[in-house]
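Asker: Got my_file.cif for you, mmCIF, C-alpha atoms:
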```cif
data_protein
#
loop_
_atom_site.label_atom_id
_atom_site.label_comp_id
_atom_site.auth_asym_id
_atom_site.auth_seq_id
_atom_site.Cartn_x
_atom_site.Cartn_y
_atom_site.Cartn_z
CA MET A 1 -7.14 6.21 0.49
CA ARG A 2 -6.42 4.51 -2.84
CA HIS A 3 -7.06 6.44 -6.01
CA ILE A 4 -8.87 4.56 -8.74
CA GLY A 5 -9.53 5.04 -12.41
CA ASP A 6 -8.09 8.18 -13.94
CA ASP A 7 -7.16 9.49 -10.50
CA ARG A 8 -5.11 6.45 -9.49
CA LEU A 9 -1.60 7.42 -8.49
CA PRO A 10 1.21 5.61 -10.33
CA HIS A 11 2.52 4.59 -6.90
CA ASP A 12 -0.48 2.27 -6.57
CA ARG A 13 1.05 -0.95 -7.95
CA GLY A 14 -0.62 -3.36 -5.56
CA PHE A 15 -2.71 -4.87 -8.36
CA MET A 16 0.54 -6.38 -9.69
CA LEU A 17 0.76 -8.44 -6.50
CA TRP A 18 -2.81 -9.03 -5.33
CA ARG A 19 -5.92 -9.54 -7.46
CA MET A 20 -9.34 -10.91 -6.54
CA ASN A 21 -7.99 -11.55 -3.03
CA LYS A 22 -5.35 -13.89 -4.42
CA PRO A 23 -1.59 -13.54 -5.02
CA THR A 24 -0.45 -12.94 -8.59
CA PRO A 25 2.29 -15.12 -10.16
CA GLN A 26 4.79 -12.36 -9.35
CA LEU A 27 3.90 -12.43 -5.66
CA LEU A 28 3.80 -16.25 -5.58
CA GLN A 29 7.37 -16.32 -6.87
CA SER A 30 8.46 -13.98 -4.08
CA ILE A 31 6.56 -16.08 -1.52
CA ASP A 32 8.34 -19.22 -2.75
CA ASN A 33 11.75 -17.53 -2.66
CA TRP A 34 11.40 -16.28 0.91
CA SER A 35 9.68 -19.45 2.14
CA GLU A 36 12.51 -21.60 0.85
CA ALA A 37 15.12 -19.41 2.56
CA LEU A 38 13.27 -19.40 5.88
CA LEU A 39 12.75 -23.16 5.88
CA LEU A 40 16.33 -23.86 4.87
CA ASP A 41 17.35 -22.20 8.14
CA ASP A 42 15.24 -24.86 9.89
CA ASP A 43 16.83 -27.65 7.79
CA VAL A 44 13.61 -28.24 5.88
CA THR A 45 14.63 -28.80 2.26
CA GLY A 46 11.60 -30.40 0.65
CA PRO A 47 8.24 -32.10 1.19
CA ILE A 48 7.96 -33.66 4.64
CA LYS A 49 6.93 -37.31 4.83
CA PRO A 50 3.72 -37.46 6.88
CA GLN A 51 3.30 -39.72 9.89
CA THR A 52 0.13 -41.10 11.42
CA GLU A 53 0.02 -38.98 14.59
CA GLN A 54 -2.40 -36.13 14.02
CA ALA A 55 -2.83 -32.84 15.87
CA ILE A 56 -4.86 -29.64 15.82
CA PHE A 57 -2.90 -26.37 15.70
CA THR A 58 -4.67 -23.08 16.41
CA ILE A 59 -3.09 -19.66 15.84
CA ILE A 60 -4.51 -16.99 18.12
CA ALA A 61 -4.05 -13.21 18.10
CA LYS A 62 -2.60 -11.90 21.36
CA GLU A 63 -3.33 -8.29 20.33
CA ASN A 64 -5.55 -6.39 17.91
CA GLY A 65 -4.28 -6.07 14.35
CA MET A 66 -4.69 -6.67 10.64
CA ILE A 67 -3.82 -10.07 9.22
CA ALA A 68 -1.39 -10.40 6.31
CA GLY A 69 0.42 -13.53 5.18
CA ALA A 70 -2.43 -16.07 5.24
CA GLU A 71 -1.83 -16.97 1.60
CA MET A 72 1.87 -17.41 2.36
CA VAL A 73 0.99 -19.88 5.11
CA ASN A 74 -1.26 -21.73 2.66
CA ARG A 75 1.53 -21.83 0.07
CA ILE A 76 4.11 -23.18 2.53
CA ILE A 77 1.80 -25.95 3.71
CA GLU A 78 0.85 -26.80 0.14
CA LYS A 79 4.50 -27.14 -0.94
CA TYR A 80 5.95 -28.87 2.11
CA SER A 81 3.18 -31.15 3.33
CA SER A 82 0.09 -33.09 2.30
CA GLU A 83 -3.26 -34.11 3.75
CA ILE A 84 -3.51 -31.02 5.94
CA ASP A 85 -6.75 -29.09 6.40
CA ILE A 86 -6.77 -25.32 6.99
CA LEU A 87 -9.68 -23.22 8.18
CA TRP A 88 -9.18 -19.44 8.27
CA TYR A 89 -11.40 -17.33 10.49
CA VAL A 90 -9.55 -14.10 9.62
CA LYS A 91 -8.19 -13.69 6.10
CA ASP A 92 -5.62 -11.40 4.48
CA GLY A 93 -6.59 -7.76 4.88
CA GLU A 94 -9.10 -8.44 7.66
CA HIS A 95 -8.85 -7.27 11.27
CA ALA A 96 -8.40 -9.61 14.24
CA HIS A 97 -9.05 -8.76 17.85
CA LYS A 98 -7.10 -9.88 20.89
CA GLY A 99 -7.88 -13.49 21.79
CA GLN A 100 -9.47 -14.31 18.44
CA GLU A 101 -8.69 -17.56 16.63
CA ILE A 102 -7.05 -16.72 13.31
CA VAL A 103 -6.73 -20.17 11.78
CA VAL A 104 -7.07 -23.84 12.67
CA ILE A 105 -4.70 -26.30 10.99
CA ILE A 106 -5.27 -30.06 11.27
CA GLY A 107 -2.73 -32.64 10.13
CA CYS A 108 0.50 -34.51 10.83
CA LYS A 109 1.89 -33.35 14.17
CA LYS A 110 5.55 -33.77 13.18
CA THR A 111 5.09 -31.83 9.94
CA LEU A 112 3.36 -28.92 11.58
CA LEU A 113 5.93 -28.72 14.36
CA LEU A 114 8.68 -28.49 11.73
CA LEU A 115 6.82 -25.70 9.94
CA GLU A 116 5.59 -23.92 13.07
CA ARG A 117 8.32 -21.30 13.38
CA ALA A 118 8.30 -20.33 9.71
CA LEU A 119 4.51 -20.05 9.66
CA LEU A 120 4.40 -17.84 12.75
CA ASN A 121 7.33 -15.71 11.56
CA CYS A 122 5.67 -15.03 8.19
CA LEU A 123 2.22 -14.35 9.57
CA GLY A 124 3.46 -12.22 12.46
CA GLN A 125 5.94 -10.14 10.44
CA LEU A 126 3.58 -9.34 7.57
CA SER A 127 0.61 -8.73 9.86
CA GLY A 128 2.76 -6.27 11.80
CA ILE A 129 3.43 -4.31 8.60
CA ALA A 130 -0.22 -4.32 7.55
CA THR A 131 -1.32 -3.22 11.03
CA ASN A 132 1.21 -0.38 11.13
CA THR A 133 0.32 0.74 7.60
CA ALA A 134 -3.39 0.81 8.43
CA ALA A 135 -2.66 3.05 11.42
CA TRP A 136 -0.64 5.48 9.27
CA VAL A 137 -3.26 5.52 6.51
CA ASN A 138 -6.04 6.24 8.99
CA GLU A 139 -4.04 9.19 10.36
CA SER A 140 -2.86 10.68 7.06
CA PRO A 141 -4.83 13.33 5.12
CA ILE A 142 -3.22 12.21 1.82
CA PRO A 143 -2.20 8.86 0.27
CA LEU A 144 0.87 7.07 1.68
CA ALA A 145 3.39 4.91 -0.17
CA CYS A 146 6.24 2.74 1.01
CA THR A 147 9.68 2.85 -0.65
CA ARG A 148 12.28 0.46 -2.06
CA LYS A 149 13.73 0.11 1.44
CA THR A 150 12.33 -3.25 2.46
CA ILE A 151 13.12 -6.19 4.71
CA TRP A 152 11.34 -8.95 2.79
CA GLY A 153 11.13 -7.36 -0.64
CA LEU A 154 7.77 -7.70 -2.38
CA LEU A 155 6.29 -9.35 0.69
CA ASP A 156 6.66 -6.03 2.53
CA LYS A 157 4.90 -4.25 -0.33
CA TRP A 158 2.11 -6.82 -0.32
CA ALA A 159 1.54 -6.23 3.39
CA VAL A 160 1.57 -2.45 2.86
CA HIS A 161 -1.03 -2.89 0.11
CA LEU A 162 -3.25 -4.96 2.40
CA GLY A 163 -2.95 -2.23 5.04
CA GLY A 164 -4.22 0.40 2.59
CA GLY A 165 -0.89 1.92 1.57
CA LEU A 166 0.62 2.28 -1.90
CA THR A 167 3.51 0.10 -3.03
CA HIS A 168 5.54 2.60 -5.12
CA ARG A 169 7.60 0.83 -7.80
CA LEU A 170 8.05 -2.92 -7.36
CA SER A 171 11.48 -3.15 -8.98
CA LYS A 172 13.94 -1.00 -10.91
CA LYS A 173 12.36 -2.22 -14.14
CA ASP A 174 8.85 -1.37 -12.95
CA ALA A 175 9.40 2.39 -13.07
CA CYS A 176 12.27 4.78 -13.76
CA MET A 177 13.64 6.71 -10.80
CA ILE A 178 16.47 9.24 -10.99
CA LYS A 179 17.97 9.71 -7.54
CA GLU A 180 20.43 12.31 -6.23
CA ASN A 181 23.43 10.04 -6.84
CA ASP A 182 22.37 9.53 -10.48
CA ILE A 183 22.28 13.30 -10.97
CA SER A 184 25.58 13.95 -9.16
CA SER A 185 27.35 11.31 -11.26
CA VAL A 186 26.75 13.31 -14.46
CA GLY A 187 29.63 15.60 -13.46
CA VAL A 188 28.04 18.94 -14.34
CA GLU A 189 26.12 21.59 -12.40
CA GLN A 190 23.07 20.12 -10.67
CA GLY A 191 20.42 21.99 -12.65
CA VAL A 192 22.05 21.13 -15.96
CA ALA A 193 22.39 17.51 -14.89
CA ILE A 194 18.66 17.33 -14.08
CA GLU A 195 17.77 18.62 -17.55
CA GLN A 196 20.19 16.21 -19.21
CA LYS A 197 18.86 13.23 -17.28
CA ILE A 198 15.23 14.01 -18.04
CA ASN A 199 15.92 14.61 -21.73
CA SER A 200 17.98 11.43 -22.07
CA ILE A 201 15.37 9.04 -20.65
CA THR A 202 13.55 7.02 -23.31
CA ARG A 203 9.86 6.18 -23.12
CA HIS A 204 10.78 2.50 -22.81
CA GLN A 205 12.90 3.29 -19.74
CA ILE A 206 10.07 5.23 -18.13
CA ALA A 207 7.97 2.04 -17.90
CA ALA A 208 5.02 2.56 -15.48
CA PHE A 209 6.07 6.04 -14.40
CA PHE A 210 9.03 8.39 -14.00
CA THR A 211 10.32 9.90 -10.75
CA ILE A 212 13.12 12.37 -10.15
CA GLU A 213 14.46 13.33 -6.73
CA VAL A 214 15.15 17.01 -6.03
CA ARG A 215 16.79 18.73 -3.04
CA ASP A 216 15.36 22.23 -3.28
CA ILE A 217 12.62 24.29 -4.92
CA SER A 218 14.78 25.52 -7.80
CA GLU A 219 15.56 21.93 -8.81
CA ALA A 220 11.85 21.08 -8.73
CA ILE A 221 11.11 23.94 -11.13
CA ILE A 222 13.95 22.89 -13.45
CA ALA A 223 12.64 19.33 -13.49
CA ALA A 224 9.07 20.45 -14.22
CA ARG A 225 10.19 22.69 -17.08
CA ALA A 226 12.25 19.89 -18.61
CA TRP A 227 9.39 17.42 -18.35
CA LYS A 228 6.94 19.87 -19.91
CA GLY A 229 9.36 20.17 -22.83
CA ARG A 230 9.11 16.45 -23.49
CA GLU A 231 5.36 16.79 -24.17
CA GLU A 232 4.59 13.49 -22.44
CA THR A 233 0.99 12.47 -21.79
CA GLN A 234 1.75 11.15 -18.30
CA LYS A 235 2.90 13.24 -15.36
CA CYS A 236 6.40 13.24 -13.92
CA VAL A 237 6.68 12.49 -10.21
CA ILE A 238 8.93 15.02 -8.48
CA MET A 239 10.16 13.61 -5.19
CA LEU A 240 10.71 16.42 -2.69
CA ASP A 241 13.54 14.97 -0.61
CA ASN A 242 13.46 16.07 3.03
CA PHE A 243 11.15 19.02 2.33
CA SER A 244 9.08 20.33 5.22
CA PRO A 245 5.33 20.71 4.62
CA ALA A 246 5.87 24.48 4.36
CA ARG A 247 8.57 24.11 1.67
CA ALA A 248 6.39 21.62 -0.18
CA LEU A 249 3.54 24.15 -0.23
CA GLU A 250 5.87 26.85 -1.53
CA THR A 251 7.02 24.50 -4.29
CA HIS A 252 3.42 23.74 -5.23
CA GLU A 253 2.52 27.42 -5.36
CA LEU A 254 5.53 28.40 -7.50
CA LEU A 255 4.90 25.54 -9.94
CA THR A 256 1.25 26.55 -10.15
CA ALA A 257 2.14 30.19 -10.79
CA GLU A 258 4.41 29.18 -13.65
CA GLY A 259 1.77 26.87 -15.17
CA LEU A 260 3.85 23.75 -14.51
CA ARG A 261 1.86 22.03 -11.77
CA LYS A 262 -0.43 20.19 -14.20
CA TYR A 263 2.56 18.36 -15.65
CA VAL A 264 3.82 16.86 -12.40
CA LEU A 265 2.88 15.00 -9.25
CA LEU A 266 4.57 16.03 -6.02
CA GLU A 267 5.79 13.39 -3.58
CA GLY A 268 6.90 14.31 -0.07
CA SER A 269 9.65 11.96 1.06
CA GLY A 270 12.29 11.77 3.78
CA GLY A 271 11.94 12.63 7.43
CA VAL A 272 8.19 11.99 7.50
CA GLU A 273 6.99 11.23 11.03
CA TYR A 274 3.70 9.71 12.13
CA SER A 275 3.15 12.51 14.63
CA GLN A 276 3.41 15.11 11.84
CA LEU A 277 1.14 13.50 9.25
CA LEU A 278 -1.72 15.95 9.75
CA GLU A 279 0.65 18.82 8.91
CA TRP A 280 0.83 17.56 5.31
CA GLY A 281 -2.84 18.19 4.64
CA GLY A 282 -3.37 21.06 2.21
CA LYS A 283 0.35 21.44 1.47
CA GLY A 284 0.06 20.71 -2.24
CA VAL A 285 1.64 17.25 -2.33
CA ASP A 286 -0.14 14.34 -3.98
CA VAL A 287 1.45 11.54 -1.96
CA ILE A 288 3.90 10.91 0.88
CA SER A 289 6.42 8.07 0.78
CA THR A 290 8.20 6.62 3.79
CA SER A 291 10.01 3.40 4.68
CA LEU A 292 8.51 3.62 8.17
CA LEU A 293 5.37 1.87 6.93
CA ASN A 294 7.25 -1.42 6.79
CA ARG A 295 10.55 -0.84 8.59
CA SER A 296 9.38 0.68 11.85
CA THR A 297 7.13 -2.25 12.68
CA THR A 298 7.07 -5.04 15.22
CA PRO A 299 5.47 -8.38 14.36
CA LEU A 300 1.88 -8.89 15.39
CA ASP A 301 1.90 -10.99 18.56
CA LEU A 302 0.52 -14.43 17.73
CA SER A 303 0.66 -17.80 19.46
CA MET A 304 0.14 -21.33 18.20
CA LEU A 305 -1.57 -23.86 20.46
CA VAL A 306 -1.50 -27.61 19.78
CA GLU A 307 -3.73 -30.42 20.92
CA GLY A 308 -4.08 -34.05 19.88
CA ALA A 309 -6.55 -34.75 17.09
#
```
Starting from the file, lay out its structure as structure tokens.
Answerer:
Amino acid sequence: MRHIGDDRLPHDRGFMLWRMNKPTPQLLQSIDNWSEALLLDDDVTGPIKPQTEQAIFTIIAKENGMIAGAEMVNRIIEKYSSEIDILWYVKDGEHAHKGQEIVVIIGCKKTLLLLERALLNCLGQLSGIATNTAAWVNESPIPLACTRKTIWGLLDKWAVHLGGGLTHRLSKKDACMIKENDISSVGVEQGVAIEQKINSITRHQIAAFFTIEVRDISEAIIAARAWKGREETQKCVIMLDNFSPARALETHELLTAEGLRKYVLLEGSGGVEYSQLLEWGGKGVDVISTSLLNRSTTPLDLSMLVEGA
């Protein structure tokens, strides 16, 4: 459900992490950061000296799901070992079925046993997110985005991207977001504070896009009016916090009646449930965001089998 070209939603930032089926430098840095932390917990602090005893390790899917994290496995092996061969049967973004061989790894038995837990943790966790996201995307009538609430930072967003979801902003510098606490801290009436915040934001601060969180319909209208007054070429994203589909539709209709809808994108966020996704169809919102894409997941069940080479 990704929008492309002129219709691409600003929430679709996956290209900053994944291009031509390869990780970007930004994603590689995140992979290295998390890999180092995970391996430090296993007392692995640098390249492992290989020994002569060889073995064949096979990772098998114990349930159906989408694979994510293959390139992270490759990166870990590349940085911490040498003379190891890897053959992937299912790559990042591809589906695996129960009992299918995902990858065969051949090399030093000691090295691979030291890396085993980290490799399975990464592949299982990220594949769980991608699998869950794919299920949500298949159910939803409109595009879905994750949020800044993550467990493994950009790795979560990468897995969401592979599953067909949108990443939202990748960092605070990536896009400007004014949340409820930012508005409340101004110290004036809420509507006035919204206007002041929107008028004070510079184009440099906006970066990729601008989002403002609102709590009710009147605040959405105030935000849209203020944004129209800026005469920006890009649309403002108005995040409808904890709006029901019915309230979101009312907001859309009132903004349309006032001629403001063309200046904004509407994002439904907060309290979104999988069982209610179909209710959001035709309710005037452009996108739904939820942390449940990556935080309500269980790792994909995988096992690693070893045999002598």
Asker: In terms of the shortest atom-to-atom distance over all atoms listed in the file, which of A:Asn33, A:Asn294, A:Thr58, A:Thr131 is closest to Val103 in chain A?
Answerer: A:Thr58
Asker: Set the distance at 9 Å and use all atoms listed in the file: which residues neighbour Ile222 in chain A once local chain neighbours fewer than 4 positions away are removed? I'd like the list as a PDB file with C-alpha atoms, in the coordinates of the input.
Answerer:
```
ATOM      1  CA  GLY A 191      20.420  21.990 -12.650  1.00  0.00           C
ATOM      2  CA  VAL A 192      22.050  21.130 -15.960  1.00  0.00           C
ATOM      3  CA  ILE A 194      18.660  17.330 -14.080  1.00  0.00           C
ATOM      4  CA  GLU A 195      17.770  18.620 -17.550  1.00  0.00           C
ATOM      5  CA  ILE A 217      12.620  24.290  -4.920  1.00  0.00           C
ATOM      6  CA  SER A 218      14.780  25.520  -7.800  1.00  0.00           C
ATOM      7  CA  ALA A 226      12.250  19.890 -18.610  1.00  0.00           C
ATOM      8  CA  TRP A 227       9.390  17.420 -18.350  1.00  0.00           C
TER       9      TRP A 227
END
```
Asker: A:Asp156, A:Glu258, A:Asp42, A:Glu101: which is nearest Leu27 in chain A, counting only C-alpha atoms?
Answerer: A:Asp156
Asker: Using all atoms listed in the file, which of A:Gly153, A:Pro10, A:Gly165, A:Pro245 sits nearest Ile31 in chain A?
Answerer: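 When distances to Ile31 in chain A are compared using all atoms listed in the file, the smallest one comes from A:Gly153.
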Asker: If you apply the PyMOL selection byres ((chain A and resi 51) around 10) to this file, what residues do you get, as a list in words?
Answerer: Ile48, Lys49, Pro50, Thr52, Glu53, Gln54, Gly107, Cys108, Lys109, Lys110 and Thr111 of chain A
Asker: Set the distance at 10 Å and use only C-alpha atoms: which residues neighbour Glu213 in chain A once local chain neighbours fewer than 6 positions away are removed? I'd like the list as a PyMOL selection string.
Answerer: chain A and resi 177-183+194+219-220+223+237-241+267+269
Asker: Between CA of Leu87 in chain A and CA of Ile105 in chain A, what distance in Å does the model show, to one decimal?
Answerer: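 Separation between CA of Leu87 in chain A and CA of Ile105 in chain A: 6.5 Å.
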Asker: Set the distance at 8 Å and use all atoms listed in the file: which residues neighbour Asp301 in chain A once local chain neighbours fewer than 5 positions away are removed? I'd like the list as an mmCIF file with C-alpha atoms, keeping the file's coordinate frame.
Answerer:
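That gives us selection02.cif:
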```cif
data_model
loop_
_atom_site.group_PDB
_atom_site.id
_atom_site.type_symbol
_atom_site.label_atom_id
_atom_site.label_comp_id
_atom_site.auth_asym_id
_atom_site.auth_seq_id
_atom_site.Cartn_x
_atom_site.Cartn_y
_atom_site.Cartn_z
ATOM 1 C CA ALA A 61 -4.050 -13.210 18.100
ATOM 2 C CA LYS A 62 -2.600 -11.900 21.360
ATOM 3 C CA GLU A 63 -3.330 -8.290 20.330
ATOM 4 C CA GLY A 124 3.460 -12.220 12.460
#
```
Asker: Would you translate the PyMOL selection byres ((chain A and resi 273) around 12) into the concrete set of residues it matches in this file, as a ChimeraX atom specification?
Answerer: /A:136,139-140,144,242,244-245,268-272,274-280,288-293,296
Asker: Which residues fall under the PyMOL selection byres ((chain A and resi 155) around 9) in this file, as a ChimeraX atom specification?
Answerer: /A:27,30-31,34,69,126,150-154,156-160
Asker: For a quick check of understanding, using only C-alpha atoms, which of A:Phe209, A:Ile142, A:His95, A:Val306 has the smallest distance to Gly282 in chain A?
Answerer: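 Answer, going by the shortest atom-to-atom distance: A:Ile142.
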Asker: State, in Å with one decimal place, the distance from CA of Arg169 in chain A to CA of Asn199 in chain A.
Answerer: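 Taking CA of Arg169 in chain A and CA of Asn199 in chain A, their separation equals 21.3 Å.
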Asker: Report, in Å with one decimal, the straight-line distance from CA of Ala96 in chain A to CA of Cys122 in chain A.
Answerer: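 Computing the Euclidean distance for CA of Ala96 in chain A and CA of Cys122 in chain A yields 16.2 Å.
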Asker: Counting only C-alpha atoms, which residue out of A:Phe57, A:Tyr80, A:Trp18, A:Phe243 sits closest to Val44 in chain A?
Answerer: A:Tyr80
